[in-house]
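Data block below; observations after.
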Amino acid sequence: MTDTNLPAPHAANLPIEKYVLAVTGLVGFVVLWYASVKWLPIDAFNRLPDPLAVIVEWTSPDPDYGISIFTADYYTHIFYSTYRALSAFVLAVVLGVPLGIFMGWKKSVHNYAYSLLGLLRPVPPLAWVPIAILLFPGVELAVIFVTFLVAFFATTMNTLVGVKAIPEDYFRAAACFGASDRDILRDIVIPGAMPSIFTGLQIAMGAAWFSLAAGEMIAAQYGLGFIIWEAYNLIQYPTIVIGMATLGLVGYVSSMLVRWVGKRLMVWHEQKLGMAG
Amino acid sequence: MSSAQGALLGTSLAKTYHVKDQPPVEVLKDCSFEFEPAMLNVVMGTSGCGKSTLAHMLAGYVRPDQGTLTIDGEPITDSGPDRLVVFQETALWPWMTVEENVVFGPLSRGGSRSKAVAASNNLLQRFGLGEFKDKYPGQLSGGMMRRAELAQALINSPKVMILDEPFRGLDVMTRELMQEYYLKLFEDTRLSTVFITAELEEALFLADRIYLMSDAPGRIVKIIDVDLPRPREISCTATKRYAELEQEALAALYAGQGEEDQL
């Protein structure tokens, strides 16, 4: 009963093992990549840049194709993509979380919105691009809108599921103590749905990045998606991979940040999971 | 806590559940009782006899199809802090600390925080949870959770406590401890109690009066006055009187089961 601060039994030897496996996976992938490009007698593979060429280009103070960690352009592209992904994400949270909460909590809101969302959600982000361009005055807003949509659906749906999953007894208990709707919203609905909301935010963050890249390829002059497509058109193959890897990195870091914030906010949840383990 | 409050009177209660595409289930029929205040009333019956429906009705979550239900003469129309329920599943909110859980009731009715915290400290101390007030429910053992729930309910000074198989699912040791706990609490406060259980030993050990329920559709078929002296210790289960009461209850239970069992 007092041993609640002990770590889960299998946790002790895990971290190192975990990193070893992670690094093995990464190295294995790079080796395989190098081998297929250099040694496989298949044309499709031979056209690709090998990892060494990419790293040389990426870290070159004077890159062949104009993009490396020493060029200002590189950071301009990262900045534009991050700015778009973040705006879309914030917008998705601000609109999606409240909508999901009220859909989960109040039957009438659910009935209004559910079938509409159900119909719109499966439409892939790229299919929205033409409408978005027609709808918004600038390319910038159109790209943000497309990015926003996917993140918004993920946020709304996960929040909705989170609220629905709160046991009926929790509401009953609150009602029988005399709690008002406001108390119930603040003390039961929001904290109860929090784990699922944060799952949604992580998915939303990831989804924002992939639909962003798609949007940028079609309709933008800056951004990581743009440089990938531009490099392809200009036959600057190492730059394609630099763009992809950078997307992967910023996407990973942003998801990690969301997870970190979630852990901070939900001490109770972490501890519950810890006990269960 | 005023001792004269919390008289529950049920007259000819009936409840049938209708589930789509299935025959209706008659859970309660002609169920009448008078739970006197300041008494530990135990409702006993086999599982599925409608005990929990009765608990939900007393709490105000479920309306009877027929019959009337009153507390101190007032009809029960809704749930309220005068009748608090502890269920077999914990209803502590896992995202609040023990203390936050306990003070929730008084605060949501606009009480002052300092007063609520003082009352909570007092109760938690009494239940041996003083050191655990800043823990989350997930960090407590089953028995501690039940005690925290009792504190969460009692801080609202209910007129009557309704406990629906509250100690089911606890291990035998913890269960006995919890029974002794509740017994002591009751003997100290004489808080009107409706205690629902399927276990005869638990019923006999705790009750002033046992109301035996028939199988579904449930109704009260027999009332047994348990005149074992209070304060009770677990040793009272070894007395002659206890054995007599047990025989009486068992006889009534088997009589109620009737023909089905002889197949």
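By convention in this document, the chains of the structure tokens carry letters A, B, ... by their order, each chain's residues are numbered from 1, and ligands are numbered from 1 in the order they are shown.
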Given a cut-off of 7 Å, which residues of chain B touch chain A, counting only C-alpha atoms, written out as a ChimeraX atom specification? /B:79-81,91,93-95,105,108-109,136,138-141
Write down as a compact mmCIF listing (two decimals) with N, CA and C atoms, in the first residue's frame the residues of range 182-274 of chain A whose backbone DSSP state falls under alpha helix (DSSP H).
# COMPACT_ATOMS: atom_id res chain seq x y z
N ARG A 182 -21.73 23.42 -14.91
CA ARG A 182 -20.40 24.02 -15.02
C ARG A 182 -19.36 23.20 -14.26
N ASP A 183 -19.73 22.80 -13.03
CA ASP A 183 -18.82 21.95 -12.23
C ASP A 183 -18.54 20.65 -12.96
N ILE A 190 -13.98 17.38 -18.68
CA ILE A 190 -12.67 17.73 -19.24
C ILE A 190 -11.55 16.84 -18.70
N PRO A 191 -11.41 16.73 -17.38
CA PRO A 191 -10.32 15.86 -16.92
C PRO A 191 -10.52 14.40 -17.29
N GLY A 192 -11.77 13.95 -17.32
CA GLY A 192 -12.04 12.55 -17.66
C GLY A 192 -11.67 12.24 -19.09
N ALA A 193 -11.85 13.21 -19.97
CA ALA A 193 -11.57 12.97 -21.38
C ALA A 193 -10.12 13.29 -21.73
N MET A 194 -9.39 13.87 -20.78
CA MET A 194 -8.05 14.37 -21.06
C MET A 194 -7.11 13.34 -21.70
N PRO A 195 -7.03 12.10 -21.20
CA PRO A 195 -6.10 11.15 -21.83
C PRO A 195 -6.42 10.96 -23.31
N SER A 196 -7.69 10.84 -23.60
CA SER A 196 -8.09 10.62 -24.99
C SER A 196 -7.88 11.89 -25.82
N ILE A 197 -8.11 13.05 -25.21
CA ILE A 197 -7.88 14.31 -25.92
C ILE A 197 -6.41 14.37 -26.35
N PHE A 198 -5.51 14.00 -25.45
CA PHE A 198 -4.09 14.10 -25.79
C PHE A 198 -3.68 13.05 -26.82
N THR A 199 -4.30 11.88 -26.78
CA THR A 199 -4.07 10.93 -27.86
C THR A 199 -4.47 11.58 -29.17
N GLY A 200 -5.62 12.24 -29.16
CA GLY A 200 -6.11 12.93 -30.35
C GLY A 200 -5.15 14.01 -30.80
N LEU A 201 -4.61 14.76 -29.87
CA LEU A 201 -3.69 15.84 -30.23
C LEU A 201 -2.42 15.29 -30.87
N GLN A 202 -1.96 14.15 -30.36
CA GLN A 202 -0.77 13.55 -30.97
C GLN A 202 -1.05 13.11 -32.39
N ILE A 203 -2.20 12.47 -32.57
CA ILE A 203 -2.58 12.05 -33.92
C ILE A 203 -2.74 13.29 -34.80
N ALA A 204 -3.38 14.33 -34.23
CA ALA A 204 -3.62 15.56 -34.99
C ALA A 204 -2.31 16.19 -35.43
N MET A 205 -1.33 16.18 -34.53
CA MET A 205 -0.04 16.77 -34.85
C MET A 205 0.60 16.02 -36.02
N GLY A 206 0.58 14.71 -35.94
CA GLY A 206 1.14 13.90 -37.02
C GLY A 206 0.38 14.12 -38.32
N ALA A 207 -0.95 14.10 -38.21
CA ALA A 207 -1.79 14.28 -39.40
C ALA A 207 -1.56 15.66 -40.00
N ALA A 208 -1.37 16.67 -39.15
CA ALA A 208 -1.13 18.02 -39.64
C ALA A 208 0.10 18.02 -40.53
N TRP A 209 1.16 17.35 -40.08
CA TRP A 209 2.40 17.34 -40.88
C TRP A 209 2.23 16.66 -42.21
N PHE A 210 1.52 15.52 -42.23
CA PHE A 210 1.45 14.86 -43.54
C PHE A 210 0.53 15.57 -44.51
N SER A 211 -0.57 16.15 -44.01
CA SER A 211 -1.40 16.85 -44.99
C SER A 211 -0.77 18.19 -45.36
N LEU A 212 0.03 18.74 -44.46
CA LEU A 212 0.74 19.98 -44.78
C LEU A 212 1.69 19.76 -45.95
N ALA A 213 2.48 18.69 -45.85
CA ALA A 213 3.45 18.42 -46.92
C ALA A 213 2.72 18.27 -48.25
N ALA A 214 1.58 17.57 -48.21
CA ALA A 214 0.82 17.38 -49.44
C ALA A 214 0.35 18.74 -49.98
N GLY A 215 -0.17 19.57 -49.10
CA GLY A 215 -0.65 20.90 -49.51
C GLY A 215 0.47 21.75 -50.08
N GLU A 216 1.61 21.68 -49.43
CA GLU A 216 2.74 22.52 -49.87
C GLU A 216 3.28 22.10 -51.24
N MET A 217 3.16 20.82 -51.53
CA MET A 217 3.65 20.34 -52.82
C MET A 217 2.85 20.96 -53.95
N ILE A 218 1.55 21.13 -53.69
CA ILE A 218 0.68 21.60 -54.76
C ILE A 218 0.62 23.12 -54.80
N LEU A 224 8.71 22.71 -46.47
CA LEU A 224 9.42 21.46 -46.70
C LEU A 224 8.76 20.64 -47.80
N GLY A 225 7.43 20.64 -47.83
CA GLY A 225 6.72 19.95 -48.91
C GLY A 225 7.10 20.54 -50.25
N PHE A 226 7.19 21.86 -50.28
CA PHE A 226 7.57 22.55 -51.51
C PHE A 226 8.96 22.15 -51.97
N ILE A 227 9.95 22.12 -51.06
CA ILE A 227 11.30 21.79 -51.53
C ILE A 227 11.41 20.35 -52.02
N ILE A 228 10.62 19.47 -51.42
CA ILE A 228 10.64 18.08 -51.88
C ILE A 228 10.19 18.01 -53.34
N TRP A 229 9.09 18.67 -53.63
CA TRP A 229 8.53 18.64 -54.99
C TRP A 229 9.42 19.40 -55.97
N GLU A 230 9.90 20.54 -55.52
CA GLU A 230 10.78 21.38 -56.34
C GLU A 230 12.06 20.61 -56.68
N ALA A 231 12.64 19.96 -55.69
CA ALA A 231 13.88 19.21 -55.91
C ALA A 231 13.64 18.06 -56.89
N TYR A 232 12.45 17.47 -56.82
CA TYR A 232 12.12 16.40 -57.74
C TYR A 232 12.07 16.94 -59.18
N ASN A 233 11.40 18.08 -59.33
CA ASN A 233 11.28 18.67 -60.67
C ASN A 233 12.62 19.10 -61.23
N TYR A 237 18.08 15.21 -56.46
CA TYR A 237 17.55 14.14 -55.61
C TYR A 237 17.97 14.17 -54.14
N PRO A 238 19.23 14.49 -53.81
CA PRO A 238 19.56 14.50 -52.37
C PRO A 238 18.68 15.47 -51.58
N THR A 239 18.30 16.57 -52.21
CA THR A 239 17.48 17.55 -51.51
C THR A 239 16.08 17.00 -51.18
N ILE A 240 15.58 16.10 -52.04
CA ILE A 240 14.30 15.45 -51.72
C ILE A 240 14.40 14.78 -50.36
N VAL A 241 15.47 14.01 -50.19
CA VAL A 241 15.62 13.25 -48.96
C VAL A 241 15.85 14.18 -47.77
N ILE A 242 16.60 15.27 -48.01
CA ILE A 242 16.80 16.25 -46.93
C ILE A 242 15.43 16.78 -46.47
N GLY A 243 14.58 17.10 -47.42
CA GLY A 243 13.24 17.60 -47.08
C GLY A 243 12.44 16.57 -46.31
N MET A 244 12.49 15.32 -46.78
CA MET A 244 11.72 14.26 -46.11
C MET A 244 12.22 14.03 -44.69
N ALA A 245 13.55 13.94 -44.56
CA ALA A 245 14.11 13.66 -43.24
C ALA A 245 13.80 14.80 -42.28
N THR A 246 13.86 16.03 -42.79
CA THR A 246 13.56 17.17 -41.92
C THR A 246 12.10 17.15 -41.48
N LEU A 247 11.21 16.80 -42.42
CA LEU A 247 9.80 16.66 -42.06
C LEU A 247 9.63 15.63 -40.95
N GLY A 248 10.31 14.51 -41.13
CA GLY A 248 10.24 13.46 -40.12
C GLY A 248 10.69 13.98 -38.77
N LEU A 249 11.82 14.69 -38.77
CA LEU A 249 12.37 15.19 -37.50
C LEU A 249 11.44 16.18 -36.82
N VAL A 250 10.99 17.21 -37.56
CA VAL A 250 10.13 18.22 -36.91
C VAL A 250 8.81 17.58 -36.49
N GLY A 251 8.31 16.64 -37.27
CA GLY A 251 7.07 15.95 -36.89
C GLY A 251 7.26 15.18 -35.60
N TYR A 252 8.38 14.49 -35.51
CA TYR A 252 8.67 13.69 -34.32
C TYR A 252 8.79 14.57 -33.10
N VAL A 253 9.55 15.66 -33.25
CA VAL A 253 9.76 16.56 -32.11
C VAL A 253 8.43 17.17 -31.66
N SER A 254 7.57 17.56 -32.61
CA SER A 254 6.33 18.20 -32.20
C SER A 254 5.40 17.20 -31.51
N SER A 255 5.36 15.97 -31.99
CA SER A 255 4.55 14.96 -31.29
C SER A 255 5.08 14.71 -29.89
N MET A 256 6.41 14.73 -29.77
CA MET A 256 7.02 14.51 -28.47
C MET A 256 6.62 15.62 -27.50
N LEU A 257 6.59 16.85 -28.00
CA LEU A 257 6.20 17.97 -27.16
C LEU A 257 4.76 17.80 -26.66
N VAL A 258 3.88 17.39 -27.56
CA VAL A 258 2.48 17.18 -27.16
C VAL A 258 2.41 16.12 -26.07
N ARG A 259 3.17 15.03 -26.27
CA ARG A 259 3.17 13.95 -25.29
C ARG A 259 3.68 14.44 -23.94
N TRP A 260 4.72 15.25 -24.01
CA TRP A 260 5.33 15.76 -22.79
C TRP A 260 4.34 16.63 -22.01
N VAL A 261 3.68 17.52 -22.71
CA VAL A 261 2.68 18.38 -22.07
C VAL A 261 1.57 17.52 -21.45
N GLY A 262 1.14 16.51 -22.20
CA GLY A 262 0.09 15.61 -21.70
C GLY A 262 0.49 14.94 -20.41
N LYS A 263 1.71 14.44 -20.35
CA LYS A 263 2.19 13.78 -19.14
C LYS A 263 2.17 14.73 -17.95
N ARG A 264 2.59 15.96 -18.22
CA ARG A 264 2.61 16.98 -17.17
C ARG A 264 1.21 17.22 -16.60
N LEU A 265 0.24 17.24 -17.51
CA LEU A 265 -1.12 17.59 -17.10
C LEU A 265 -1.85 16.43 -16.44
N VAL A 267 -0.90 13.72 -14.22
CA VAL A 267 -0.13 12.93 -13.26
C VAL A 267 -0.91 11.70 -12.84
N TRP A 268 -2.20 11.91 -12.60
CA TRP A 268 -3.04 10.79 -12.12
C TRP A 268 -3.04 9.64 -13.11
N HIS A 269 -3.06 9.96 -14.39
CA HIS A 269 -3.15 8.93 -15.41
C HIS A 269 -1.85 8.13 -15.48
N GLU A 270 -0.74 8.86 -15.44
CA GLU A 270 0.57 8.21 -15.45
C GLU A 270 0.68 7.24 -14.29
N GLN A 271 0.23 7.72 -13.12
CA GLN A 271 0.38 6.88 -11.94
C GLN A 271 -0.50 5.65 -12.01
N LYS A 272 -1.68 5.83 -12.58
CA LYS A 272 -2.57 4.71 -12.73
C LYS A 272 -1.93 3.67 -13.65
N LEU A 273 -1.36 4.14 -14.76
CA LEU A 273 -0.72 3.22 -15.68
C LEU A 273 0.46 2.54 -15.02
N GLY A 274 1.20 3.31 -14.23
CA GLY A 274 2.35 2.77 -13.54
C GLY A 274 1.95 1.63 -12.61
Excluding range 92-102 of chain A and any residue of its chain fewer than 4 positions from it, enumerate the residues within 7 Å of it, using only C-alpha atoms, and give them as a list in words.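 Final neighbour list, sorted by chain and number: Ala88, Lys106, Val109, Phe148, Ala151, Phe152, Thr155, Thr156, Met157, Thr159, Leu160 and Val163 of chain A.
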Expected file: the selected residues, C-alpha atoms, as a compact mmCIF listing (two decimals), in the first residue's frame:
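Once written, result32.txt looks like this:
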# COMPACT_ATOMS: atom_id res chain seq x y z
CA ALA A 88 -3.49 24.58 -38.19
CA LYS A 106 -24.80 16.66 -24.88
CA VAL A 109 -24.97 18.53 -30.21
CA PHE A 148 -6.28 22.17 -40.25
CA ALA A 151 -6.04 17.76 -37.44
CA PHE A 152 -9.51 19.00 -36.59
CA THR A 155 -9.00 16.12 -32.37
CA THR A 156 -12.79 16.19 -32.44
CA MET A 157 -13.22 12.44 -32.79
CA THR A 159 -12.23 14.09 -27.68
CA LEU A 160 -15.70 12.74 -28.41
CA VAL A 163 -15.99 11.94 -23.15
Within 9 Å of Leu250 in chain B, counting only C-alpha atoms, which residues show up once you throw out same-chain ones fewer than 5 positions away? Write them as number ranges by chain, please. B: 200, 245, 255
Written file, previous selection with C-alpha atoms, as a PDB file, in the first residue's frame:
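To be explicit, this is the file written out as selection-v7.pdb:
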ATOM      1  CA  LEU B 200     -25.907 -14.040   4.799  1.00  0.00           C
ATOM      2  CA  LEU B 245     -30.905 -16.425  13.397  1.00  0.00           C
ATOM      3  CA  ALA B 255     -38.615 -21.933   1.398  1.00  0.00           C
TER       4      ALA B 255
END
Which neighbours of range 208-211 of chain B fall inside 8 Å, counting only C-alpha atoms, when residues of the same chain fewer than 5 positions from it are skipped, and could you give them as a list of chain:residue names? B:Met39, B:Leu40, B:Asn41, B:Val42, B:Val43, B:Met44, B:Ala203, B:Ile220, B:Val221, B:Lys222, B:Ile223, B:Ile224, B:Asp225, B:Val226, B:Asp227
Could those residues be written to a file, using N, CA and C atoms, as a compact mmCIF listing (two decimals), in the first residue's frame?
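What landed in out-v7.txt:
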# COMPACT_ATOMS: atom_id res chain seq x y z
N MET B 39 -31.42 3.03 11.85
CA MET B 39 -31.28 1.58 11.89
C MET B 39 -30.37 1.13 10.75
N LEU B 40 -29.73 -0.02 10.97
CA LEU B 40 -28.95 -0.60 9.90
C LEU B 40 -29.82 -1.68 9.24
N ASN B 41 -30.48 -1.25 8.17
CA ASN B 41 -31.38 -2.15 7.45
C ASN B 41 -30.61 -2.87 6.36
N VAL B 42 -30.66 -4.19 6.39
CA VAL B 42 -29.96 -4.95 5.36
C VAL B 42 -30.98 -5.59 4.43
N VAL B 43 -30.81 -5.37 3.13
CA VAL B 43 -31.64 -6.04 2.15
C VAL B 43 -30.83 -7.18 1.58
N MET B 44 -31.37 -8.40 1.70
CA MET B 44 -30.60 -9.55 1.24
C MET B 44 -31.36 -10.34 0.21
N ALA B 203 -24.89 -9.99 6.30
CA ALA B 203 -26.18 -9.47 6.72
C ALA B 203 -26.37 -9.63 8.23
N ILE B 220 -40.14 -8.04 -0.82
CA ILE B 220 -39.67 -8.43 0.51
C ILE B 220 -40.56 -9.56 1.01
N VAL B 221 -39.95 -10.72 1.27
CA VAL B 221 -40.77 -11.87 1.69
C VAL B 221 -40.66 -12.14 3.19
N LYS B 222 -39.60 -11.66 3.81
CA LYS B 222 -39.48 -11.93 5.24
C LYS B 222 -38.61 -10.89 5.91
N ILE B 223 -38.98 -10.55 7.13
CA ILE B 223 -38.18 -9.60 7.90
C ILE B 223 -37.66 -10.31 9.14
N ILE B 224 -36.36 -10.22 9.35
CA ILE B 224 -35.77 -10.87 10.52
C ILE B 224 -35.14 -9.79 11.40
N ASP B 225 -35.58 -9.71 12.63
CA ASP B 225 -34.94 -8.77 13.56
C ASP B 225 -33.71 -9.42 14.14
N VAL B 226 -32.57 -8.78 13.91
CA VAL B 226 -31.32 -9.33 14.42
C VAL B 226 -31.04 -8.67 15.77
N ASP B 227 -31.33 -9.40 16.84
CA ASP B 227 -31.25 -8.78 18.16
C ASP B 227 -29.92 -9.07 18.86
So, counting only C-alpha atoms, which residue among B:Tyr181, B:Phe167, B:Tyr242, B:Phe33 is closest to Leu212 in chain B? B:Phe33
Select from range 26-199 of chain B everything DSSP, run on the backbone, classes as strand (DSSP E or B), then give the selection as a ChimeraX atom specification. /B:26-35,40-44,66-71,74-75,80,83-86,160-164,192-197
Mind writing the picked residues with C-alpha atoms as a short mmCIF file (atom, residue, chain, number, x, y, z; two decimals), in the first residue's frame?
data_model
loop_
_atom_site.label_atom_id
_atom_site.label_comp_id
_atom_site.auth_asym_id
_atom_site.auth_seq_id
_atom_site.Cartn_x
_atom_site.Cartn_y
_atom_site.Cartn_z
CA GLU B 26 -40.01 -7.93 -14.41
CA VAL B 27 -37.47 -6.94 -11.77
CA LEU B 28 -39.61 -5.72 -8.90
CA LYS B 29 -43.25 -6.47 -8.20
CA ASP B 30 -45.34 -5.47 -5.23
CA CYS B 31 -42.24 -4.64 -3.25
CA SER B 32 -43.10 -2.91 0.03
CA PHE B 33 -40.94 -2.05 3.02
CA GLU B 34 -40.41 0.43 5.78
CA PHE B 35 -36.77 1.19 6.55
CA LEU B 40 -28.95 -0.60 9.90
CA ASN B 41 -31.38 -2.15 7.45
CA VAL B 42 -29.96 -4.95 5.36
CA VAL B 43 -31.64 -6.04 2.15
CA MET B 44 -30.60 -9.55 1.24
CA GLN B 66 -45.86 1.62 -9.98
CA GLY B 67 -46.00 2.31 -6.28
CA THR B 68 -44.66 5.12 -4.15
CA LEU B 69 -41.36 5.79 -2.49
CA THR B 70 -40.83 8.45 0.17
CA ILE B 71 -38.09 9.69 2.46
CA GLU B 74 -41.44 13.37 0.94
CA PRO B 75 -41.67 11.58 -2.40
CA GLY B 80 -29.81 14.23 -4.00
CA ARG B 83 -29.42 9.90 0.02
CA LEU B 84 -25.92 8.88 -0.94
CA VAL B 85 -24.94 5.64 -2.52
CA VAL B 86 -21.76 3.61 -2.38
CA VAL B 160 -29.42 7.93 4.75
CA MET B 161 -26.54 5.92 3.35
CA ILE B 162 -27.32 3.35 0.69
CA LEU B 163 -24.63 0.74 0.19
CA ASP B 164 -25.08 -1.61 -2.74
CA SER B 192 -29.76 5.53 8.81
CA THR B 193 -28.46 2.84 6.49
CA VAL B 194 -29.73 0.60 3.75
CA PHE B 195 -27.11 -2.06 3.17
CA ILE B 196 -27.62 -4.39 0.24
CA THR B 197 -25.85 -7.73 0.12
#
